[in-house]
$ cat query.tsv   # TSV, C-alpha atoms
chain	number	residue	atom	x	y	z
D	1	MET	CA	93.42	150.88	70.18
D	2	ARG	CA	92.33	147.27	69.71
D	3	ASN	CA	95.61	146.06	71.26
D	4	TYR	CA	95.12	148.43	74.21
D	5	ILE	CA	91.61	147.07	74.86
D	6	HIS	CA	92.93	143.52	74.54
D	7	ILE	CA	95.62	144.22	77.17
D	8	LEU	CA	93.06	145.76	79.54
D	9	PHE	CA	90.84	142.71	79.11
D	10	LEU	CA	93.72	140.35	79.97
D	11	LEU	CA	94.66	142.40	83.03
D	12	ALA	CA	91.07	142.34	84.26
D	13	PHE	CA	90.84	138.61	83.64
D	14	PHE	CA	93.99	137.81	85.59
D	15	ALA	CA	92.93	140.11	88.42
D	16	PHE	CA	89.64	138.21	88.64
D	17	LEU	CA	91.44	134.88	88.49
D	18	PHE	CA	93.83	135.89	91.27
D	19	SER	CA	91.03	137.11	93.53
D	20	SER	CA	89.07	133.89	92.95
D	21	CYS	CA	92.04	131.68	93.74
D	22	GLU	CA	92.59	133.55	96.97
D	23	TYR	CA	89.87	131.49	98.59
D	24	LEU	CA	91.01	128.16	97.19
D	25	GLU	CA	94.37	128.00	98.92
D	26	ASP	CA	95.38	126.82	102.38
D	27	ARG	CA	97.03	129.95	103.73
D	28	PHE	CA	99.12	130.26	106.85
D	29	LYS	CA	101.27	132.81	108.59
D	30	ASP	CA	103.64	132.61	111.53
D	31	ASP	CA	102.72	135.77	113.41
D	32	GLY	CA	99.69	137.16	115.18
D	33	VAL	CA	97.47	135.94	118.01
D	34	LEU	CA	96.48	132.29	118.17
D	35	VAL	CA	93.02	130.88	117.54
D	36	THR	CA	90.72	129.79	120.34
D	37	GLY	CA	88.17	126.99	120.56
D	38	LYS	CA	88.62	123.24	120.32
D	39	VAL	CA	89.51	121.10	117.33
D	40	GLY	CA	86.17	119.93	115.95
D	41	GLU	CA	84.16	123.07	116.76
D	42	ILE	CA	82.47	125.52	114.38
D	43	LEU	CA	81.13	128.79	115.72
D	44	VAL	CA	77.94	129.74	113.85
D	45	VAL	CA	77.22	133.48	114.00
D	46	CYS	CA	73.67	134.41	113.04
D	47	ASP	CA	70.49	136.02	114.36
D	48	GLN	CA	68.47	133.96	116.80
D	49	SER	CA	65.57	133.79	114.32
D	50	ILE	CA	67.84	132.06	111.78
D	51	TRP	CA	69.21	129.63	114.38
D	52	ASP	CA	65.68	128.73	115.51
D	53	SER	CA	64.47	128.12	111.94
D	54	GLY	CA	64.79	125.03	109.73
D	55	ILE	CA	68.28	126.22	108.76
D	56	LYS	CA	69.65	124.82	112.02
D	57	LYS	CA	68.53	121.34	110.92
D	58	GLN	CA	70.40	121.83	107.65
D	59	LEU	CA	73.51	122.89	109.56
D	60	ASP	CA	73.31	119.83	111.82
D	61	SER	CA	72.92	117.34	108.96
D	62	SER	CA	75.61	118.89	106.75
D	63	LEU	CA	78.31	120.05	109.18
D	64	THR	CA	78.26	117.51	112.04
D	65	ARG	CA	78.77	114.42	109.87
D	66	PHE	CA	80.22	111.35	111.53
D	67	ILE	CA	83.70	110.02	110.75
D	68	MET	CA	82.81	106.42	109.99
D	69	PRO	CA	82.87	103.62	111.13
D	70	TYR	CA	83.84	104.43	114.71
D	71	PHE	CA	81.93	103.57	117.86
D	72	PRO	CA	80.98	105.52	119.82
D	73	ASP	CA	80.12	107.93	117.01
D	74	VAL	CA	82.74	110.58	116.22
D	75	ALA	CA	81.35	113.80	114.74
D	76	THR	CA	83.53	115.86	112.42
D	77	PHE	CA	82.26	119.04	114.09
D	78	GLN	CA	80.20	120.36	116.97
D	79	LEU	CA	78.23	123.57	116.36
D	80	ILE	CA	78.24	126.49	118.79
D	81	HIS	CA	75.88	129.42	118.23
D	82	LYS	CA	76.36	133.11	118.93
D	83	THR	CA	74.33	136.10	117.81
D	84	PRO	CA	76.24	138.87	116.00
D	85	ASN	CA	75.92	141.13	119.05
D	86	HIS	CA	77.26	138.40	121.37
D	87	PHE	CA	80.09	137.71	118.96
D	88	GLU	CA	81.12	141.39	118.75
D	89	LYS	CA	81.32	141.68	122.54
D	90	GLY	CA	83.32	138.47	123.04
D	91	SER	CA	86.38	136.78	121.59
D	92	LYS	CA	86.55	136.74	117.80
D	93	ARG	CA	89.44	134.29	117.57
D	94	TYR	CA	87.53	131.03	117.07
D	95	ARG	CA	89.44	128.66	114.78
D	96	ASN	CA	86.36	127.94	112.63
D	97	ALA	CA	83.61	130.53	112.20
D	98	LEU	CA	80.56	130.47	109.92
D	99	PHE	CA	78.56	133.67	109.40
D	100	LEU	CA	75.00	133.50	108.06
D	101	ASN	CA	74.03	136.98	106.87
D	102	ILE	CA	70.76	138.39	105.53
D	103	ASN	CA	71.10	141.66	103.62
D	104	SER	CA	67.99	142.88	101.79
D	105	ASN	CA	70.15	145.34	99.82
D	106	HIS	CA	72.48	142.61	98.59
D	107	LYS	CA	72.70	142.59	94.80
D	108	GLY	CA	73.45	139.62	92.61
D	109	LYS	CA	73.66	135.99	93.59
D	110	SER	CA	74.06	134.71	97.13
D	111	LEU	CA	77.69	134.52	98.18
D	112	VAL	CA	79.82	131.90	99.92
D	113	LYS	CA	83.08	133.61	100.83
D	114	LYS	CA	86.12	132.07	102.53
D	115	ARG	CA	88.71	134.14	104.43
D	116	TYR	CA	91.82	133.28	106.46
D	117	HIS	CA	93.47	134.98	109.49
D	118	VAL	CA	90.63	137.48	109.99
D	119	TRP	CA	91.01	137.90	113.77
D	120	ALA	CA	93.67	135.27	114.56
D	121	GLN	CA	96.48	133.26	113.03
D	122	ASP	CA	95.29	130.17	111.10
D	123	GLN	CA	91.64	131.11	111.50
D	124	LEU	CA	89.12	130.11	108.81
D	125	VAL	CA	86.00	132.24	108.39
D	126	VAL	CA	83.22	131.35	105.93
D	127	GLU	CA	80.45	133.85	105.19
D	128	ILE	CA	77.14	133.12	103.47
D	129	THR	CA	75.15	136.18	102.42
D	130	ALA	CA	71.60	136.14	101.03
D	131	LYS	CA	68.77	138.65	100.44
D	132	ASN	CA	66.26	136.94	102.71
D	133	GLN	CA	65.81	133.88	104.89
D	134	LEU	CA	64.25	131.79	102.12
D	135	GLU	CA	67.22	132.43	99.85
D	136	LEU	CA	69.57	131.68	102.75
D	137	ALA	CA	67.86	128.33	103.31
D	138	GLN	CA	68.21	127.49	99.62
D	139	ILE	CA	71.92	128.28	99.49
D	140	CYS	CA	72.49	126.32	102.71
D	141	GLU	CA	70.77	123.33	101.13
D	142	ASN	CA	72.99	123.55	98.06
D	143	LYS	CA	76.31	124.76	99.46
D	144	LEU	CA	76.76	123.45	103.00
D	145	GLY	CA	78.41	120.32	101.63
D	146	VAL	CA	81.15	122.51	100.14
D	147	VAL	CA	81.36	124.53	103.36
D	148	HIS	CA	81.89	121.29	105.28
D	149	GLN	CA	84.76	120.42	102.92
D	150	TYR	CA	86.37	123.82	103.63
D	151	PHE	CA	86.32	123.32	107.40
D	152	ASP	CA	87.07	119.59	107.25
D	153	ARG	CA	90.22	120.04	105.15
D	154	PHE	CA	91.50	123.02	107.07
D	155	GLU	CA	91.12	121.23	110.40
D	156	TRP	CA	93.86	118.68	109.59
D	157	VAL	CA	95.90	121.06	107.41
D	158	ARG	CA	96.10	123.46	110.35
D	159	LEU	CA	97.53	120.66	112.51
D	160	ILE	CA	100.09	119.71	109.86
D	161	LYS	CA	101.37	123.29	109.74
D	162	LYS	CA	101.50	123.38	113.53
D	163	TYR	CA	103.57	120.17	113.62
D	164	GLU	CA	105.90	121.42	110.89
D	165	ARG	CA	106.99	124.20	113.24
D	166	LYS	CA	108.20	121.63	115.80
D	167	ASN	CA	111.69	120.15	115.90
D	168	ASN	CA	111.60	116.35	115.77
D	169	SER	CA	114.87	115.99	113.84
D	170	HIS	CA	116.11	112.97	115.82
D	171	ILE	CA	112.92	110.99	115.15
D	172	GLN	CA	112.70	112.22	111.56
D	173	LYS	CA	116.21	110.96	110.82
D	174	LYS	CA	115.39	107.47	112.08
D	175	ILE	CA	112.12	107.30	110.12
D	176	LYS	CA	113.82	108.55	106.97
D	177	ASN	CA	116.68	106.04	107.22
D	178	ASN	CA	114.39	103.09	107.88
D	179	PHE	CA	111.38	103.81	105.66
D	180	GLY	CA	112.44	106.56	103.24
D	181	ILE	CA	109.63	108.88	104.33
D	182	SER	CA	109.07	111.90	106.57
D	183	LEU	CA	106.10	112.84	108.76
D	184	SER	CA	104.97	115.95	110.62
D	185	LEU	CA	104.66	114.91	114.26
D	186	PRO	CA	103.32	116.42	117.49
D	187	GLU	CA	105.90	117.89	119.83
D	188	ASN	CA	107.36	115.41	122.36
D	189	SER	CA	106.45	112.36	120.29
D	190	LYS	CA	108.73	109.44	121.02
D	191	ILE	CA	109.68	106.14	119.38
D	192	VAL	CA	108.96	103.20	121.68
D	193	THR	CA	109.52	100.28	119.29
D	194	THR	CA	112.13	100.01	116.53
D	195	ARG	CA	112.44	96.94	114.36
D	196	LYS	CA	113.65	96.51	110.81
D	197	ASN	CA	110.19	96.82	109.26
D	198	PHE	CA	108.16	98.21	112.15
D	199	TYR	CA	108.17	101.36	114.30
D	200	ARG	CA	105.72	102.45	116.98
D	201	LEU	CA	105.57	106.09	118.08
D	202	GLU	CA	103.68	107.41	121.07
D	203	PHE	CA	102.18	110.89	121.24
D	204	PRO	CA	102.12	112.82	124.52
D	205	SER	CA	99.24	111.52	126.67
D	206	ALA	CA	96.26	113.82	126.75
D	207	SER	CA	93.71	114.17	129.49
D	208	ARG	CA	90.27	115.23	128.41
D	209	PRO	CA	87.19	115.57	130.65
D	210	ILE	CA	84.85	112.64	131.19
D	211	VAL	CA	81.35	113.73	132.15
D	212	PHE	CA	79.49	111.22	134.31
D	213	GLU	CA	75.77	111.04	133.58
D	214	GLY	CA	73.42	112.16	136.30
D	215	ASN	CA	75.62	114.21	138.59
D	216	GLY	CA	77.51	116.38	136.09
D	217	THR	CA	80.87	115.76	137.75
D	218	GLN	CA	84.04	115.38	135.72
D	219	ASP	CA	87.18	113.31	135.96
D	220	PRO	CA	90.23	113.28	133.68
D	221	GLY	CA	90.28	110.48	131.11
D	222	THR	CA	93.63	109.53	129.68
D	223	ILE	CA	93.79	109.25	125.89
D	224	ASN	CA	96.70	107.23	124.53
D	225	SER	CA	97.49	107.66	120.87
D	226	GLY	CA	100.34	107.20	118.44
D	227	ILE	CA	101.50	105.98	115.05
D	228	LEU	CA	102.50	102.56	113.74
D	229	ILE	CA	104.76	102.51	110.67
D	230	TYR	CA	105.46	99.24	108.92
D	231	GLN	CA	106.55	97.99	105.51
D	232	TYR	CA	106.72	94.80	103.46
D	233	ASP	CA	107.61	93.82	99.87
D	234	TYR	CA	105.20	94.86	97.13
D	235	ASP	CA	104.26	92.07	94.71
D	236	GLY	CA	101.32	93.53	92.80
D	237	PRO	CA	98.03	95.49	92.88
D	238	SER	CA	96.14	92.67	94.61
D	239	GLN	CA	97.99	93.57	97.82
D	240	LEU	CA	96.16	96.90	97.95
D	241	ASN	CA	92.60	95.62	98.31
D	242	LEU	CA	90.90	95.77	101.71
D	243	SER	CA	91.19	92.10	102.65
D	244	SER	CA	94.90	91.91	101.74
D	245	LEU	CA	95.77	95.11	103.59
D	246	LEU	CA	93.90	93.96	106.71
D	247	LYS	CA	95.52	90.53	106.59
D	248	ALA	CA	98.97	92.14	106.44
D	249	ARG	CA	97.97	94.54	109.21
D	250	ASP	CA	96.84	91.75	111.53
D	251	THR	CA	100.06	89.82	110.91
D	252	MET	CA	102.25	92.85	111.61
D	253	LEU	CA	100.35	93.83	114.74
D	254	HIS	CA	100.23	90.27	116.11
D	255	TYR	CA	104.00	90.11	116.33
D	256	ASN	CA	104.81	93.76	117.00
D	257	VAL	CA	102.12	95.22	119.26
D	258	PRO	CA	101.66	93.07	122.34
D	259	HIS	CA	99.47	94.22	125.22
D	260	GLU	CA	100.79	94.63	128.77
D	261	SER	CA	98.68	91.57	129.67
D	262	GLU	CA	100.51	88.43	128.56
D	263	GLY	CA	99.13	86.70	125.48
D	264	TYR	CA	97.13	89.69	124.18
D	265	TYR	CA	97.96	91.53	120.96
D	266	MET	CA	96.46	94.32	118.86
D	267	GLY	CA	94.07	93.04	116.17
D	268	THR	CA	91.30	94.37	113.94
D	269	GLN	CA	87.63	94.36	114.90
D	270	TYR	CA	85.44	92.78	112.22
D	271	ASN	CA	82.07	93.48	113.82
D	272	LYS	CA	79.55	94.38	111.10
D	273	PHE	CA	78.73	97.66	112.86
D	274	VAL	CA	82.35	98.86	112.79
D	275	TYR	CA	83.74	96.90	109.85
D	276	PRO	CA	86.79	98.68	108.37
D	277	GLU	CA	86.15	101.03	105.45
D	278	ILE	CA	88.56	101.78	102.60
D	279	GLU	CA	88.86	104.73	100.20
D	280	ASN	CA	91.27	105.94	97.54
D	281	THR	CA	93.01	109.08	98.74
D	282	TYR	CA	96.14	111.25	98.59
D	283	ASN	CA	98.57	112.78	101.04
D	284	TYR	CA	98.46	116.53	101.71
D	285	SER	CA	100.73	117.49	98.81
D	286	GLU	CA	98.86	115.04	96.53
D	287	SER	CA	102.19	113.49	95.55
D	288	ILE	CA	101.29	110.03	96.90
D	289	LYS	CA	98.18	108.08	95.98
D	290	GLY	CA	97.14	105.38	98.41
D	291	LYS	CA	94.43	103.62	100.37
D	292	GLU	CA	92.85	105.12	103.47
D	293	ILE	CA	91.40	102.63	105.97
D	294	ARG	CA	89.35	103.56	109.04
D	295	GLY	CA	88.26	101.01	111.62
D	296	MET	CA	88.41	99.73	115.19
D	297	PHE	CA	91.11	97.64	116.85
D	298	GLN	CA	90.83	95.28	119.79
D	299	PHE	CA	93.38	93.51	121.96
D	300	LYS	CA	92.85	89.83	121.19
D	301	HIS	CA	93.89	86.53	122.71
D	302	ASN	CA	94.10	83.12	121.07
D	303	TYR	CA	92.34	81.34	123.93
D	304	LYS	CA	90.78	83.95	126.21
D	305	LYS	CA	88.07	86.59	125.90
D	306	ASN	CA	89.15	89.61	123.86
D	307	GLY	CA	90.07	92.79	125.72
D	308	THR	CA	89.61	96.52	125.22
D	309	GLY	CA	90.40	98.47	122.07
D	310	GLY	CA	89.98	101.73	120.23
D	311	ALA	CA	90.10	103.37	116.80
D	312	PHE	CA	92.65	103.32	113.97
D	313	TRP	CA	93.11	105.40	110.82
D	314	ALA	CA	95.67	104.21	108.27
D	315	PHE	CA	97.25	105.28	104.98
D	316	ASN	CA	98.73	102.54	102.77
D	317	PHE	CA	100.83	103.19	99.65
D	318	VAL	CA	103.66	101.80	97.56
D	319	HIS	CA	107.00	103.54	98.02
D	320	PRO	CA	108.26	104.37	94.48
D	321	LYS	CA	111.94	104.03	95.44
D	322	THR	CA	111.97	100.95	97.68
D	323	ASN	CA	109.04	99.09	96.04
D	324	LYS	CA	107.56	98.31	99.44
D	325	VAL	CA	104.04	98.70	100.76
D	326	ILE	CA	104.20	101.24	103.58
D	327	CYS	CA	101.47	101.75	106.14
D	328	VAL	CA	101.23	104.75	108.44
D	329	SER	CA	98.52	103.81	110.90
D	330	GLY	CA	97.40	105.94	113.84
D	331	TYR	CA	95.63	104.54	116.88
D	332	VAL	CA	93.53	106.09	119.64
D	333	ASP	CA	92.97	104.18	122.88
D	334	ALA	CA	90.55	106.18	125.03
D	335	PRO	CA	87.52	105.83	127.29
D	336	SER	CA	84.25	105.74	125.37
D	337	THR	CA	82.95	108.49	127.65
D	338	THR	CA	85.27	111.16	126.27
D	339	SER	CA	85.57	112.71	122.81
D	340	TRP	CA	87.92	111.12	120.29
D	341	THR	CA	87.62	113.94	117.74
D	342	HIS	CA	90.82	115.82	118.61
D	343	SER	CA	92.97	112.68	118.78
D	344	LEU	CA	91.63	111.30	115.50
D	345	ARG	CA	92.29	114.63	113.79
D	346	GLU	CA	95.88	114.48	115.05
D	347	ILE	CA	96.22	111.00	113.56
D	348	GLN	CA	94.75	112.16	110.27
D	349	ALA	CA	97.13	115.12	110.11
D	350	VAL	CA	100.17	112.88	110.63
D	351	TRP	CA	99.39	110.37	107.89
D	352	LYS	CA	98.27	113.15	105.54
D	353	SER	CA	101.68	114.82	106.04
D	354	VAL	CA	103.72	111.87	104.71
D	355	LYS	CA	106.37	112.67	102.09
D	356	ILE	CA	108.80	110.53	100.10
D	357	ASN	CA	112.50	111.12	100.88

$ encode --input "query.tsv" --output "structure tokens"
Amino acid sequence: MRNYIHILFLLAFFAFLFSSCEYLEDRFKDDGVLVTGKVGEILVVCDQSIWDSGIKKQLDSSLTRFIMPYFPDVATFQLIHKTPNHFEKGSKRYRNALFLNINSNHKGKSLVKKRYHVWAQDQLVVEITAKNQLELAQICENKLGVVHQYFDRFEWVRLIKKYERKNNSHIQKKIKNNFGISLSLPENSKIVTTRKNFYRLEFPSASRPIVFEGNGTQDPGTINSGILIYQYDYDGPSQLNLSSLLKARDTMLHYNVPHESEGYYMGTQYNKFVYPEIENTYNYSESIKGKEIRGMFQFKHNYKKNGTGGAFWAFNFVHPKTNKVICVSGYVDAPSTTSWTHSLREIQAVWKSVKIN
């Protein structure tokens, strides 16, 4: 009898463990209807009284955080509100949806529940349930940071999985042979520069609306983006601090990324308001540890006034087989009057996808 009870206890434990882990994984499927909404949007579904309360301020401060140190500011997410009734009558396929529920009959602790593919493929839905509005405000204060992590991670993971479905075998073969790595790339990416230790890839140009202040009219604004891949010999850990990585970056870009105007080249902006930031990080599979650098670039000239620029987001690591420092650095060159969020997320997804071959 004791053994029977012990077995039942183990079965119950593993069932609980499995159900808990269900919401900790990045889950995808290849069938079903596609999500709607833009990259960088979260649909918040709640009663109007909740949206008009102090909870909205908590949502703004916790979920719309800026990706630093870009200028103009780039928010991780924009919030869109719908009431439950409005949501039920409209499309339910938003890529990111957050439900704030008040249930006076709810028993136990407040819940934060994560679900995938509820109404569309690759959709992420997070639900917060509380007994009353005060309890809801308290859980939002304590848990919205975690909720932001859920949406933030899934935004670039979703793009990686989308790119993995594309066929870029010709490009992948060249990157593998030259650098010993592979990347998940947007469809119709193309290599425009190939040198022994340096590649530049362009992504398909995107046109996003520019809204002109005052008259509300719109005009397409071209966003140019892509990836720089370069490598150089690794001599020791001192090469992986911020100053050394930026020095190597400026040298590589000076000789390999000229501007269409003679004498100009891509360089790093060192303005104190957009000074590059560095963090320790990993690729998606967490098999490569490296340095993530975010900053602004500018086309520079040795003797003339500097030109226009944009944003960059780079991942630097040491290749374990070739013993070279490799940098996968995305760039976004776009008008300041249009959103950079989508393009920066694409860049992030590409460098996060890197694998050793």

$ closest_residue --input "query.tsv" --among "D:Val257, D:Ile175, D:Ile356, D:Leu228" --to "D:Ser287" --atoms "only C-alpha atoms"
D:Ile356

$ residues_around --input "query.tsv" --residues "stretch 231-240 of chain D" --least-positions-apart "5" --cutoff "12 Å" --atoms "only C-alpha atoms" --output "MDAnalysis selection string"
chainID D and resid 175 178:181 195:199 245:249 251:253 278:280 289:293 315:329

$ closest_residue --input "query.tsv" --among "D:Leu185, D:Ile80, D:Ile160, D:Ile55" --to "D:Ala137" --atoms "all atoms listed in the file"
D:Ile55

$ atom_distance --input "query.tsv" --atom1 "atom CA of D:Val74" --atom2 "atom CA of D:Asn241"
25.3 Å

$ atom_distance --input "query.tsv" --atom1 "atom CA of D:Leu124" --atom2 "atom CA of D:Ala97"
6.5 Å

$ atom_distance --input "query.tsv" --atom1 "atom CA of D:Lys107" --atom2 "atom CA of D:Ala130"
9.0 Å

$ residues_around --input "query.tsv" --residues "D:Lys82" --least-positions-apart "4" --cutoff "12 Å" --atoms "only C-alpha atoms" --output "VMD selection string"
chain D and resid 42 to 51 86 to 92 94 97 to 100

$ residues_around --input "query.tsv" --residues "D:Thr308" --least-positions-apart "3" --cutoff "10 Å" --atoms "only C-alpha atoms" --output "PyMOL selection string"
chain D and resi 266+297-300+333-335

$ closest_residue --input "query.tsv" --among "D:Asp60, D:Tyr275, D:Gln121, D:Tyr331" --to "D:Ala75" --atoms "only C-alpha atoms"
D:Asp60

$ closest_residue --input "query.tsv" --among "D:Val146, D:Leu63, D:Ile139, D:Leu201" --to "D:Tyr230" --atoms "only C-alpha atoms"
D:Leu201

$ residues_around --input "query.tsv" --residues "D:Arg158" --least-positions-apart "6" --cutoff "12 Å" --atoms "all atoms listed in the file" --output "ChimeraX atom specification"
/D:26-30,34-35,39-40,95-96,116-117,121-124,150-152,164-165,184,284,345-346,348-350,352-353

$ axis_aligned_box --input "query.tsv" --around "stretch 173-180 of chain D" --padding-each-side "4 Å" --output "AutoDock Vina command-line options"
--center_x 114.0 --center_y 107.0 --center_z 107.7 --size_x 13.3 --size_y 15.9 --size_z 16.8

$ closest_residue --input "query.tsv" --among "D:Val157, D:Leu242, D:Ile191, D:Val125" --to "D:Pro204" --atoms "all atoms listed in the file"
D:Ile191

$ closest_residue --input "query.tsv" --among "D:Pro72, D:Gly263, D:Gly145, D:Gly54" --to "D:Val112" --atoms "all atoms listed in the file"
D:Gly145

$ residues_around --input "query.tsv" --residues "D:Phe66" --least-positions-apart "3" --cutoff "9 Å" --atoms "all atoms listed in the file" --output "JSON, numbers by chain"
{"D": [69, 70, 73, 74, 75, 76, 77]}
